[in-house]
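S.K.: What follows is input12.cif, made up of mmCIF, C-alpha atoms:
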```
data_protein
loop_
_atom_site.label_atom_id
_atom_site.label_comp_id
_atom_site.auth_asym_id
_atom_site.auth_seq_id
_atom_site.Cartn_x
_atom_site.Cartn_y
_atom_site.Cartn_z
CA MET A 1 185.50 44.84 59.00
CA ARG A 2 183.03 47.61 59.56
CA ARG A 3 182.80 50.09 56.72
CA ASP A 4 181.08 53.38 57.24
CA VAL A 5 180.98 56.82 55.82
CA PHE A 6 183.36 58.13 58.47
CA GLN A 7 186.02 55.76 57.35
CA ALA A 8 185.36 56.61 53.76
CA ILE A 9 186.13 60.27 54.16
CA ALA A 10 188.79 60.03 56.86
CA ASP A 11 191.47 59.68 54.21
CA PRO A 12 192.52 62.72 52.14
CA THR A 13 192.96 60.71 48.94
CA ARG A 14 189.47 59.29 49.29
CA ARG A 15 188.08 62.75 49.91
CA ALA A 16 189.82 63.94 46.76
CA ILE A 17 188.34 61.04 44.81
CA ILE A 18 184.83 61.85 46.02
CA HIS A 19 185.34 65.46 45.15
CA MET A 20 186.52 64.53 41.68
CA VAL A 21 183.56 62.34 40.84
CA ALA A 22 180.98 64.42 42.71
CA HIS A 23 180.07 66.45 39.63
CA ASN A 24 180.76 64.04 36.80
CA ASN A 25 180.97 60.30 36.61
CA MET A 26 184.51 59.34 35.70
CA ASN A 27 186.03 56.16 34.49
CA LEU A 28 188.43 54.41 36.81
CA ASN A 29 191.51 54.99 34.69
CA ALA A 30 190.86 58.69 34.50
CA VAL A 31 190.54 58.86 38.29
CA ALA A 32 193.76 56.94 38.82
CA GLU A 33 195.67 59.16 36.40
CA LYS A 34 194.97 62.23 38.49
CA PHE A 35 196.94 60.88 41.43
CA ASP A 36 200.61 60.25 42.02
CA VAL A 37 199.69 57.21 44.07
CA SER A 38 200.00 53.77 42.49
CA ARG A 39 197.11 52.34 40.55
CA PRO A 40 196.52 49.49 43.05
CA ALA A 41 196.42 52.04 45.88
CA ILE A 42 193.73 54.01 44.08
CA SER A 43 191.81 50.81 43.37
CA LYS A 44 191.90 50.03 47.04
CA HIS A 45 190.57 53.46 47.96
CA ILE A 46 187.79 53.10 45.43
CA LYS A 47 186.98 49.67 46.77
CA ILE A 48 186.63 51.11 50.27
CA LEU A 49 184.48 53.94 48.95
CA THR A 50 182.17 51.50 47.23
CA GLU A 51 181.97 49.34 50.34
CA CYS A 52 181.04 52.42 52.34
CA GLY A 53 178.33 53.23 49.84
CA LEU A 54 179.81 56.54 48.72
CA ILE A 55 180.66 55.44 45.22
CA ALA A 56 178.97 53.10 42.80
CA ILE A 57 180.77 51.44 39.91
CA HIS A 58 179.02 51.04 36.61
CA GLN A 59 180.23 48.91 33.76
CA GLN A 60 179.75 50.55 30.37
CA GLY A 61 181.17 48.41 27.62
CA ARG A 62 184.81 47.93 28.50
CA GLU A 63 184.93 50.92 30.82
CA ARG A 64 184.13 51.08 34.47
CA TYR A 65 182.72 54.34 35.78
CA CYS A 66 182.61 55.79 39.28
CA GLU A 67 179.47 57.55 40.36
CA ALA A 68 179.33 59.47 43.63
CA LYS A 69 176.54 58.56 46.03
CA LEU A 70 176.37 61.73 48.04
CA GLU A 71 173.28 60.99 50.09
CA LYS A 72 175.55 59.13 52.48
CA LEU A 73 177.45 62.31 53.23
CA ASN A 74 174.21 63.92 54.25
CA GLU A 75 174.01 61.62 57.22
CA VAL A 76 177.34 62.86 58.48
CA SER A 77 177.10 66.57 57.93
CA ASN A 78 173.53 66.60 59.14
CA TRP A 79 174.26 66.04 62.77
CA VAL A 80 176.86 68.80 62.88
CA GLU A 81 174.40 71.23 61.36
CA GLN A 82 171.60 69.99 63.56
CA TYR A 83 173.70 70.31 66.66
CA ARG A 84 174.80 73.81 65.71
CA GLU A 85 171.17 74.69 65.13
CA PHE A 86 170.17 73.15 68.46
CA TRP A 87 172.63 75.38 70.30
CA ASN A 88 171.91 78.48 68.28
CA LYS A 89 168.29 78.21 69.31
CA LYS A 90 169.25 77.72 72.94
CA PHE A 91 171.57 80.68 72.78
CA ASP A 92 168.87 82.86 71.24
CA ALA A 93 166.61 82.00 74.16
CA LEU A 94 169.42 82.55 76.63
CA GLU A 95 170.19 85.94 75.13
CA ILE A 96 166.58 87.05 75.52
CA TYR A 97 166.47 85.76 79.07
CA LEU A 98 169.66 87.61 79.99
CA GLU A 99 168.26 90.80 78.52
CA GLU A 100 165.07 90.47 80.51
CA LEU A 101 166.94 89.84 83.74
CA GLN A 102 169.18 92.84 83.29
CA ALA A 103 166.31 95.09 82.27
CA LYS A 104 164.50 94.14 85.47
CA ASP A 105 167.55 95.01 87.54
CA LYS A 106 167.89 98.40 85.94
CA HIS A 107 164.33 99.54 86.13
CA LYS A 108 163.26 97.87 89.35
CA PRO A 109 159.79 97.17 88.04
CA LYS A 110 156.82 96.41 90.20
CA ARG A 111 156.48 92.80 91.00
CA LYS A 112 154.43 90.99 88.47
CA LYS A 113 151.87 88.49 89.46
CA HIS A 114 152.37 85.22 87.67
CA GLY A 115 149.11 83.74 88.81
CA LYS A 116 150.61 80.45 89.85
CA HIS A 117 148.44 78.12 91.83
CA LYS A 118 149.46 75.13 93.84
CA MET B 1 196.24 64.87 77.44
CA GLU B 2 193.09 63.37 76.12
CA ASN B 3 191.34 66.69 76.47
CA ILE B 4 193.99 68.48 74.51
CA SER B 5 193.99 66.07 71.61
CA ASN B 6 190.22 66.01 71.59
CA ALA B 7 190.03 69.78 71.55
CA THR B 8 191.88 70.00 68.27
CA ARG B 9 189.32 67.65 66.79
CA ALA B 10 186.32 69.55 68.02
CA PHE B 11 184.09 71.85 66.15
CA VAL B 12 183.78 75.21 67.77
CA LEU B 13 180.95 77.63 68.30
CA VAL B 14 181.66 81.14 69.54
CA ARG B 15 179.01 83.57 70.68
CA GLU B 16 179.01 86.86 72.52
CA PHE B 17 176.36 87.66 75.09
CA ASN B 18 175.49 91.07 76.38
CA ALA B 19 175.91 90.18 80.04
CA PRO B 20 178.78 89.99 82.52
CA ARG B 21 180.40 86.63 82.98
CA GLU B 22 179.18 86.04 86.50
CA LEU B 23 175.57 86.50 85.53
CA PHE B 24 176.02 84.38 82.43
CA PHE B 25 177.54 81.60 84.49
CA ASN B 26 174.77 81.73 87.08
CA VAL B 27 172.03 81.67 84.51
CA CYS B 28 173.55 78.50 83.05
CA THR B 29 174.25 76.71 86.31
CA GLN B 30 171.41 77.66 88.63
CA PRO B 31 168.35 75.45 88.14
CA GLU B 32 165.78 78.22 88.62
CA HIS B 33 167.42 80.15 85.78
CA LEU B 34 168.26 77.24 83.52
CA ILE B 35 164.71 75.96 83.25
CA LYS B 36 163.54 79.41 82.17
CA TRP B 37 165.47 79.34 78.91
CA TRP B 38 166.46 75.74 78.21
CA GLY B 39 163.22 74.32 76.85
CA PRO B 40 162.76 74.45 73.08
CA LYS B 41 160.45 77.36 72.24
CA ASP B 42 157.55 75.33 70.94
CA SER B 43 157.74 72.62 73.59
CA LYS B 44 156.93 71.97 77.22
CA LEU B 45 159.89 71.30 79.49
CA ASN B 46 159.73 69.20 82.59
CA ALA B 47 162.94 68.77 84.60
CA LYS B 48 163.00 65.38 86.28
CA THR B 49 166.45 65.76 87.84
CA ILE B 50 168.29 69.01 87.97
CA ASP B 51 171.47 68.60 89.95
CA ILE B 52 174.05 70.97 88.54
CA ARG B 53 177.39 70.06 90.06
CA GLU B 54 180.35 68.00 88.96
CA GLY B 55 179.05 64.46 88.54
CA GLY B 56 175.46 65.70 88.61
CA LYS B 57 172.79 65.49 85.94
CA PHE B 58 170.08 67.51 84.31
CA HIS B 59 167.49 65.06 83.05
CA TYR B 60 164.45 66.52 81.38
CA GLU B 61 161.44 65.67 79.36
CA PHE B 62 160.18 67.82 76.55
CA THR B 63 157.05 67.56 74.50
CA TYR B 64 156.29 69.37 71.29
CA SER B 65 152.72 70.49 70.82
CA ASN B 66 151.83 67.69 68.45
CA GLY B 67 154.84 65.44 68.74
CA PRO B 68 156.20 62.71 70.93
CA THR B 69 157.77 63.20 74.35
CA LEU B 70 161.55 63.11 74.27
CA TRP B 71 164.10 62.99 77.05
CA GLY B 72 167.33 64.89 77.16
CA LEU B 73 170.28 64.45 79.46
CA LEU B 74 173.17 66.67 80.47
CA SER B 75 175.92 65.18 82.64
CA TYR B 76 178.27 67.63 84.25
CA ILE B 77 181.97 66.86 84.23
CA GLU B 78 183.48 70.13 85.37
CA ILE B 79 182.01 73.34 86.73
CA THR B 80 184.53 76.06 87.48
CA PRO B 81 182.95 79.42 88.37
CA TYR B 82 183.11 81.69 86.13
CA ASP B 83 185.50 80.12 83.67
CA ARG B 84 184.56 76.71 82.46
CA ILE B 85 181.65 74.31 82.22
CA VAL B 86 182.21 70.86 80.76
CA PHE B 87 179.30 68.54 80.20
CA THR B 88 177.93 65.92 77.89
CA THR B 89 174.59 66.00 76.10
CA SER B 90 172.56 63.13 74.77
CA PHE B 91 169.07 62.03 74.10
CA ALA B 92 167.98 59.66 76.83
CA ASP B 93 165.25 57.40 78.02
CA GLU B 94 163.28 58.08 81.19
CA LYS B 95 165.94 56.26 83.20
CA THR B 96 168.84 58.45 82.02
CA ASN B 97 170.30 55.87 79.64
CA PRO B 98 171.62 57.66 76.56
CA VAL B 99 169.73 56.70 73.43
CA LYS B 100 170.37 57.34 69.77
CA ALA B 101 168.89 60.55 68.45
CA PRO B 102 165.49 60.02 66.93
CA MET B 103 165.32 60.76 63.21
CA ALA B 104 169.08 61.20 62.85
CA ALA B 105 171.07 58.05 62.23
CA GLY B 106 174.43 59.77 61.98
CA PHE B 107 174.06 61.62 65.28
CA PRO B 108 176.58 60.55 67.93
CA LEU B 109 175.17 59.01 71.08
CA VAL B 110 176.95 61.29 73.53
CA ILE B 111 178.52 64.64 72.77
CA LYS B 112 180.99 66.44 74.99
CA ASN B 113 180.80 70.21 75.24
CA THR B 114 183.49 72.36 76.72
CA TRP B 115 182.48 75.92 77.47
CA THR B 116 185.08 78.58 78.14
CA LEU B 117 183.91 82.01 79.26
CA ALA B 118 185.74 85.28 78.82
CA GLU B 119 184.55 88.75 79.76
CA LYS B 120 185.32 92.01 78.02
CA ASN B 121 183.58 95.36 78.58
CA GLY B 122 180.78 93.69 80.49
CA LYS B 123 180.11 91.19 77.72
CA THR B 124 180.71 87.47 77.84
CA THR B 125 182.22 85.50 75.02
CA LEU B 126 181.37 81.84 75.13
CA THR B 127 183.61 79.46 73.24
CA MET B 128 182.13 76.03 72.94
CA GLU B 129 184.03 73.02 71.72
CA VAL B 130 182.04 70.04 70.61
CA VAL B 131 183.32 66.52 70.22
CA PRO B 132 181.51 63.17 70.15
CA VAL B 133 182.39 61.03 73.17
CA ASP B 134 181.49 57.62 71.88
CA ALA B 135 183.24 58.21 68.61
CA SER B 136 184.51 55.21 66.77
CA PRO B 137 188.07 55.63 65.49
CA ASN B 138 186.53 56.36 62.12
CA GLU B 139 184.43 59.14 63.52
CA VAL B 140 187.47 60.61 65.24
CA GLU B 141 189.40 60.51 61.98
CA PHE B 142 186.49 62.09 60.27
CA PHE B 143 186.47 64.90 62.78
CA ALA B 144 190.16 65.47 62.30
CA GLY B 145 189.62 65.69 58.56
CA MET B 146 186.57 67.82 58.79
CA PHE B 147 187.52 70.30 61.45
CA GLY B 148 191.27 70.01 61.82
CA SER B 149 191.91 72.68 59.27
CA MET B 150 189.53 75.17 60.85
CA GLU B 151 192.36 76.38 63.04
CA GLN B 152 194.12 77.69 59.98
CA GLY B 153 191.10 79.81 59.26
CA ASN B 154 189.45 77.75 56.60
CA ASN B 155 186.66 75.30 56.83
CA GLY B 156 188.36 72.65 54.77
CA MET B 157 186.23 69.60 54.74
CA LEU B 158 183.18 71.53 55.80
CA ASP B 159 183.33 73.62 52.64
CA GLN B 160 183.81 70.50 50.62
CA LEU B 161 180.78 68.96 52.20
CA ASP B 162 178.82 72.09 51.39
CA ASP B 163 179.91 71.73 47.80
CA TYR B 164 178.74 68.16 47.72
CA LEU B 165 175.46 69.02 49.30
CA THR B 166 174.71 71.81 46.87
CA THR B 167 175.20 69.38 44.02
CA LEU B 168 172.35 67.37 45.49
CA LYS B 169 169.85 70.16 45.31
#
```
Would it be possible to restate this file's structure as structure tokens?
M.R.:
Amino acid sequence: MRRDVFQAIADPTRRAIIHMVAHNNMNLNAVAEKFDVSRPAISKHIKILTECGLIAIHQQGRERYCEAKLEKLNEVSNWVEQYREFWNKKFDALEIYLEELQAKDKHKPKRKKHGKHK
Amino acid sequence: MENISNATRAFVLVREFNAPRELFFNVCTQPEHLIKWWGPKDSKLNAKTIDIREGGKFHYEFTYSNGPTLWGLLSYIEITPYDRIVFTTSFADEKTNPVKAPMAAGFPLVIKNTWTLAEKNGKTTLTMEVVPVDASPNEVEFFAGMFGSMEQGNNGMLDQLDDYLTTLK
């Protein structure tokens, strides 16, 4: 089965887990205790998160710790921001163009030569 | 039905322009206007096909001063004067096949944009809904999680992502 970052954060419990371990590594028991969901259910979520590359598990003595791997999230949020930026730039240009057009209409300026050659 | 369910999963951009709706619409749908403002500022734009009607395409090449030449493609789905323009955007090759965005692995192949225009006091408000077309079910779920709560006036997942990202810096 394909595992990707979209699947990882599609589920609210998994998002909550990421959020929880984003700032501090936490051991697995401590994560599980924060949820009303059964322990095996949490384990399954964590397994999916590790398979998606959003969480890494480290063994320290008898404890197992979750560490968030947030670079993966970058990939996802990046395109939304990039696309927003793409359009904001277009809209800035469009705004200027609209202003120019309307200014021309109002003031009926002399025709400008553009110096185009065939 | 598909449109409706997709719309709730879109992210939305809203912008007001100081121009009446008719002019705004024309400037976006008439080739001689579109090419004047479409090209990225620091690039050269060359429209290969510019056929703005339902089912038509705007296929263009753009070159940054010291970068590679890239192709962009808009495919028009619906054009309703002066209310709505629906189209997809993608990067493309020179034969209009959509291609993955260069330098952005997570970028969807094809993105659908639904523009709705409203006029008030001679100004046009553009509302633009954005949704990936080729979304895998996971991407769709992701969108629902990320943007679904925006309708209730909070950014939900988007804020959370911001939090995560600031921890990286």
S.K.: Enumerate, as a list in words, the residues matched when the PyMOL selection byres ((chain B and resi 110) around 9) is run on the file above.
M.R.: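 Evaluating the PyMOL selection byres ((chain B and resi 110) around 9) on this file yields Thr88, Thr89, Ser90, Phe91, Pro98, Val99, Lys100, Phe107, Pro108, Leu109, Ile111, Lys112, Val131, Pro132, Val133, Asp134 and Ala135 of chain B.
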S.K.: I'd like the contact shell of segment 31-48 of chain B - 7 Å cut-off, all atoms listed in the file, skipping same-chain residues fewer than 4 positions apart - returned as a list in words.
M.R.: Lys90, Ala93, Leu94 and Tyr97 of chain A; Val27, His59, Tyr60, Glu61, Phe62, Thr63, Tyr64 and Ser65 of chain B
S.K.: Spell out the residues picked by the PyMOL selection byres ((chain A) within 9 of (chain B)) here, as an MDAnalysis selection string.
M.R.: chainID A and resid 4:12 15 18:19 22:23 70:71 73:80 82:84 86:87 89:91 93:99 102
S.K.: Based on the selection just made, write C-alpha atoms of those residues as an mmCIF file, keeping the file's coordinate frame.
M.R.:
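Result file follows (result20.cif):
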```
data_model
loop_
_atom_site.group_PDB
_atom_site.id
_atom_site.type_symbol
_atom_site.label_atom_id
_atom_site.label_comp_id
_atom_site.auth_asym_id
_atom_site.auth_seq_id
_atom_site.Cartn_x
_atom_site.Cartn_y
_atom_site.Cartn_z
ATOM 1 C CA ASP A 4 181.080 53.380 57.240
ATOM 2 C CA VAL A 5 180.980 56.820 55.820
ATOM 3 C CA PHE A 6 183.360 58.130 58.470
ATOM 4 C CA GLN A 7 186.020 55.760 57.350
ATOM 5 C CA ALA A 8 185.360 56.610 53.760
ATOM 6 C CA ILE A 9 186.130 60.270 54.160
ATOM 7 C CA ALA A 10 188.790 60.030 56.860
ATOM 8 C CA ASP A 11 191.470 59.680 54.210
ATOM 9 C CA PRO A 12 192.520 62.720 52.140
ATOM 10 C CA ARG A 15 188.080 62.750 49.910
ATOM 11 C CA ILE A 18 184.830 61.850 46.020
ATOM 12 C CA HIS A 19 185.340 65.460 45.150
ATOM 13 C CA ALA A 22 180.980 64.420 42.710
ATOM 14 C CA HIS A 23 180.070 66.450 39.630
ATOM 15 C CA LEU A 70 176.370 61.730 48.040
ATOM 16 C CA GLU A 71 173.280 60.990 50.090
ATOM 17 C CA LEU A 73 177.450 62.310 53.230
ATOM 18 C CA ASN A 74 174.210 63.920 54.250
ATOM 19 C CA GLU A 75 174.010 61.620 57.220
ATOM 20 C CA VAL A 76 177.340 62.860 58.480
ATOM 21 C CA SER A 77 177.100 66.570 57.930
ATOM 22 C CA ASN A 78 173.530 66.600 59.140
ATOM 23 C CA TRP A 79 174.260 66.040 62.770
ATOM 24 C CA VAL A 80 176.860 68.800 62.880
ATOM 25 C CA GLN A 82 171.600 69.990 63.560
ATOM 26 C CA TYR A 83 173.700 70.310 66.660
ATOM 27 C CA ARG A 84 174.800 73.810 65.710
ATOM 28 C CA PHE A 86 170.170 73.150 68.460
ATOM 29 C CA TRP A 87 172.630 75.380 70.300
ATOM 30 C CA LYS A 89 168.290 78.210 69.310
ATOM 31 C CA LYS A 90 169.250 77.720 72.940
ATOM 32 C CA PHE A 91 171.570 80.680 72.780
ATOM 33 C CA ALA A 93 166.610 82.000 74.160
ATOM 34 C CA LEU A 94 169.420 82.550 76.630
ATOM 35 C CA GLU A 95 170.190 85.940 75.130
ATOM 36 C CA ILE A 96 166.580 87.050 75.520
ATOM 37 C CA TYR A 97 166.470 85.760 79.070
ATOM 38 C CA LEU A 98 169.660 87.610 79.990
ATOM 39 C CA GLU A 99 168.260 90.800 78.520
ATOM 40 C CA GLN A 102 169.180 92.840 83.290
#
```
S.K.: Which residues match the PyMOL selection byres ((chain A and resi 67) around 8) in the file above, as a ChimeraX atom specification?
M.R.: /A:21-22,24-26,55-58,65-66,68-69
S.K.: Every residue with an atom at most 6 Å from (178.4, 62.0, 83.6) (file coordinates; only C-alpha atoms) is what I'm after, so could you write them as a PyMOL selection string?
M.R.: chain B and resi 55+75-76
S.K.: Quick one: pull the distance between atom CA of Leu126 of chain B and atom CA of His107 of chain A, Å, one decimal.
M.R.: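 The value is 26.9 Å.
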S.K.: Pick the closest to Asn29 of chain A from A:Ile42, A:Ala16, A:Ile48, A:Leu54: which is it, counting all atoms listed in the file?
M.R.: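 Of A:Ile42, A:Ala16, A:Ile48, A:Leu54, the one nearest Asn29 of chain A, counting all atoms listed in the file, is A:Ile42.
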S.K.: With 6 Å on each side, where is the centre of the axis-aligned box around all listed atoms of segment 75-91 of chain B, and how long are its edges in Å to one decimal, as lines of an AutoDock Vina configuration file?
M.R.:
```
center_x = 177.3
center_y = 71.9
center_z = 81.2
size_x = 28.4
size_y = 31.7
size_z = 26.3
```
S.K.: Interatomic distance between atom CA of Arg14 of chain A and atom CA of Asn27 of chain A?
M.R.: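 Separation between atom CA of Arg14 of chain A and atom CA of Asn27 of chain A: 15.5 Å.
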S.K.: How far is it from atom CA of Thr116 of chain B to atom CA of Glu100 of chain A, in Å with one decimal?
M.R.: 23.4 Å
